[in-house]
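K.L.:
This is the content of coords_4.pdb (PDB, C-alpha atoms, pLDDT in the B column):
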ATOM      1  CA  MET A 273      -5.834  -5.518 -29.525  1.00 45.00           C
ATOM      2  CA  THR A 274      -3.548  -2.547 -30.044  1.00 52.00           C
ATOM      3  CA  ASN A 275      -2.298  -0.715 -27.016  1.00 70.00           C
ATOM      4  CA  ASN A 276      -0.880   2.775 -27.556  1.00 83.00           C
ATOM      5  CA  GLU A 277       0.025   3.100 -23.894  1.00 83.00           C
ATOM      6  CA  PRO A 278       3.690   3.737 -23.025  1.00 91.00           C
ATOM      7  CA  ARG A 279       5.582   0.703 -21.748  1.00 93.00           C
ATOM      8  CA  ALA A 280       6.132   2.266 -18.309  1.00 94.00           C
ATOM      9  CA  MET A 281       2.387   2.807 -17.835  1.00 94.00           C
ATOM     10  CA  GLN A 282       1.696  -0.793 -18.842  1.00 95.00           C
ATOM     11  CA  GLU A 283       4.223  -1.968 -16.240  1.00 96.00           C
ATOM     12  CA  ILE A 284       2.471   0.149 -13.592  1.00 96.00           C
ATOM     13  CA  HIS A 285      -0.893  -1.370 -14.537  1.00 96.00           C
ATOM     14  CA  ASP A 286       0.588  -4.872 -14.339  1.00 96.00           C
ATOM     15  CA  ILE A 287       2.060  -4.186 -10.882  1.00 97.00           C
ATOM     16  CA  ARG A 288      -1.218  -2.743  -9.620  1.00 96.00           C
ATOM     17  CA  LEU A 289      -3.097  -5.785 -10.930  1.00 97.00           C
ATOM     18  CA  GLN A 290      -0.638  -8.097  -9.175  1.00 97.00           C
ATOM     19  CA  ILE A 291      -1.060  -6.221  -5.878  1.00 93.00           C
ATOM     20  CA  TYR A 292      -4.836  -6.344  -6.267  1.00 95.00           C
ATOM     21  CA  GLU A 293      -4.770 -10.097  -6.834  1.00 96.00           C
ATOM     22  CA  GLU A 294      -2.564 -10.586  -3.748  1.00 92.00           C
ATOM     23  CA  THR A 295      -4.755  -8.465  -1.473  1.00 93.00           C
ATOM     24  CA  LYS A 296      -8.331  -8.807  -2.729  1.00 95.00           C
ATOM     25  CA  ASP A 297      -9.327 -11.416  -0.138  1.00 96.00           C
ATOM     26  CA  LEU A 298      -7.643  -9.817   2.883  1.00 95.00           C
ATOM     27  CA  THR A 299      -9.629  -8.561   5.843  1.00 95.00           C
ATOM     28  CA  ASP A 300      -9.121  -4.998   7.051  1.00 93.00           C
ATOM     29  CA  GLU A 301      -6.900  -6.279   9.861  1.00 94.00           C
ATOM     30  CA  GLN A 302      -4.761  -8.327   7.477  1.00 95.00           C
ATOM     31  CA  ARG A 303      -4.435  -5.368   5.115  1.00 94.00           C
ATOM     32  CA  ALA A 304      -3.362  -3.099   8.000  1.00 92.00           C
ATOM     33  CA  GLU A 305      -0.809  -5.677   9.196  1.00 93.00           C
ATOM     34  CA  ARG A 306       0.593  -6.008   5.674  1.00 93.00           C
ATOM     35  CA  THR A 307       0.977  -2.226   5.472  1.00 91.00           C
ATOM     36  CA  ARG A 308       2.656  -2.033   8.904  1.00 91.00           C
ATOM     37  CA  ASN A 309       5.124  -4.733   7.870  1.00 94.00           C
ATOM     38  CA  ALA A 310       5.934  -2.940   4.606  1.00 93.00           C
ATOM     39  CA  VAL A 311       6.564   0.321   6.475  1.00 91.00           C
ATOM     40  CA  LYS A 312       8.783  -1.454   8.993  1.00 93.00           C
ATOM     41  CA  GLU A 313      10.827  -2.990   6.155  1.00 94.00           C
ATOM     42  CA  MET A 314      11.227   0.429   4.507  1.00 93.00           C
ATOM     43  CA  GLU A 315      12.314   2.009   7.785  1.00 93.00           C
ATOM     44  CA  GLU A 316      14.953  -0.674   8.305  1.00 94.00           C
ATOM     45  CA  LEU A 317      16.120  -0.690   4.685  1.00 95.00           C
ATOM     46  CA  TYR A 318      16.541   3.084   4.376  1.00 94.00           C
ATOM     47  CA  GLY A 319      17.304   3.908   8.016  1.00 93.00           C
ATOM     48  CA  ILE A 320      14.362   6.286   8.389  1.00 90.00           C
ATOM     49  CA  LYS A 321      11.602   6.609  10.935  1.00 86.00           C
ATOM     50  CA  PHE A 322       8.077   7.683  10.012  1.00 81.00           C
ATOM     51  CA  LYS A 323       6.115   9.819  12.443  1.00 81.00           C
ATOM     52  CA  ARG A 324       3.028   8.114  13.790  1.00 77.00           C
ATOM     53  CA  PRO A 325       0.129   9.821  15.535  1.00 73.00           C
ATOM     54  CA  ALA A 326      -0.182   9.071  19.238  1.00 71.00           C
ATOM     55  CA  THR A 327      -3.881   8.331  18.824  1.00 69.00           C
ATOM     56  CA  VAL A 328      -6.385   8.367  16.034  1.00 64.00           C
ATOM     57  CA  ASN A 329      -9.584  10.323  16.575  1.00 66.00           C
ATOM     58  CA  THR A 330     -12.362   8.423  14.839  1.00 68.00           C
ATOM     59  CA  ARG A 331     -15.164  10.620  16.178  1.00 69.00           C
ATOM     60  CA  LYS A 332     -16.598  13.155  13.784  1.00 67.00           C
ATOM     61  CA  ALA A 333     -17.013  16.767  14.858  1.00 63.00           C
ATOM     62  CA  MET A 334     -20.607  17.795  15.306  1.00 58.00           C
TER
END
Could you spell out this file's structure in structure tokens?

P.N.:
Amino acid sequence: MTNNEPRAMQEIHDIRLQIYEETKDLTDEQRAERTRNAVKEMEELYGIKFKRPATVNTRKAM
């Protein structure tokens, strides 16, 4: 099979496939925890702080 896709795009596809395989069986709670941990690591690594909403409104306007 010939692939005319640039090497960088193929690498992106491979990374996305790897992430999918690692997370496909996670529950919503596990996925949220994984994301929180990744954000915390980024904040510590780069010395930044992301703004977080005080609360999340899940009710839809009528």

K.L.:
Find the distance between CA of Thr295 (chain A) and CA of Val311 (chain A) and write it in Å to one decimal.

P.N.:
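Rounded to one decimal, the two atoms are 16.4 Å apart.
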
K.L.:
How many Å lie between CA of Pro325 (chain A) and CA of Glu305 (chain A), rounded to one decimal?

P.N.:
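If I compute the distance from CA of Pro325 (chain A) to CA of Glu305 (chain A), I get 16.8 Å.
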
K.L.:
Would you compute the distance between CA of Arg288 (chain A) and CA of Ala310 (chain A)? Give it in Å to one decimal.

P.N.:
15.9 Å
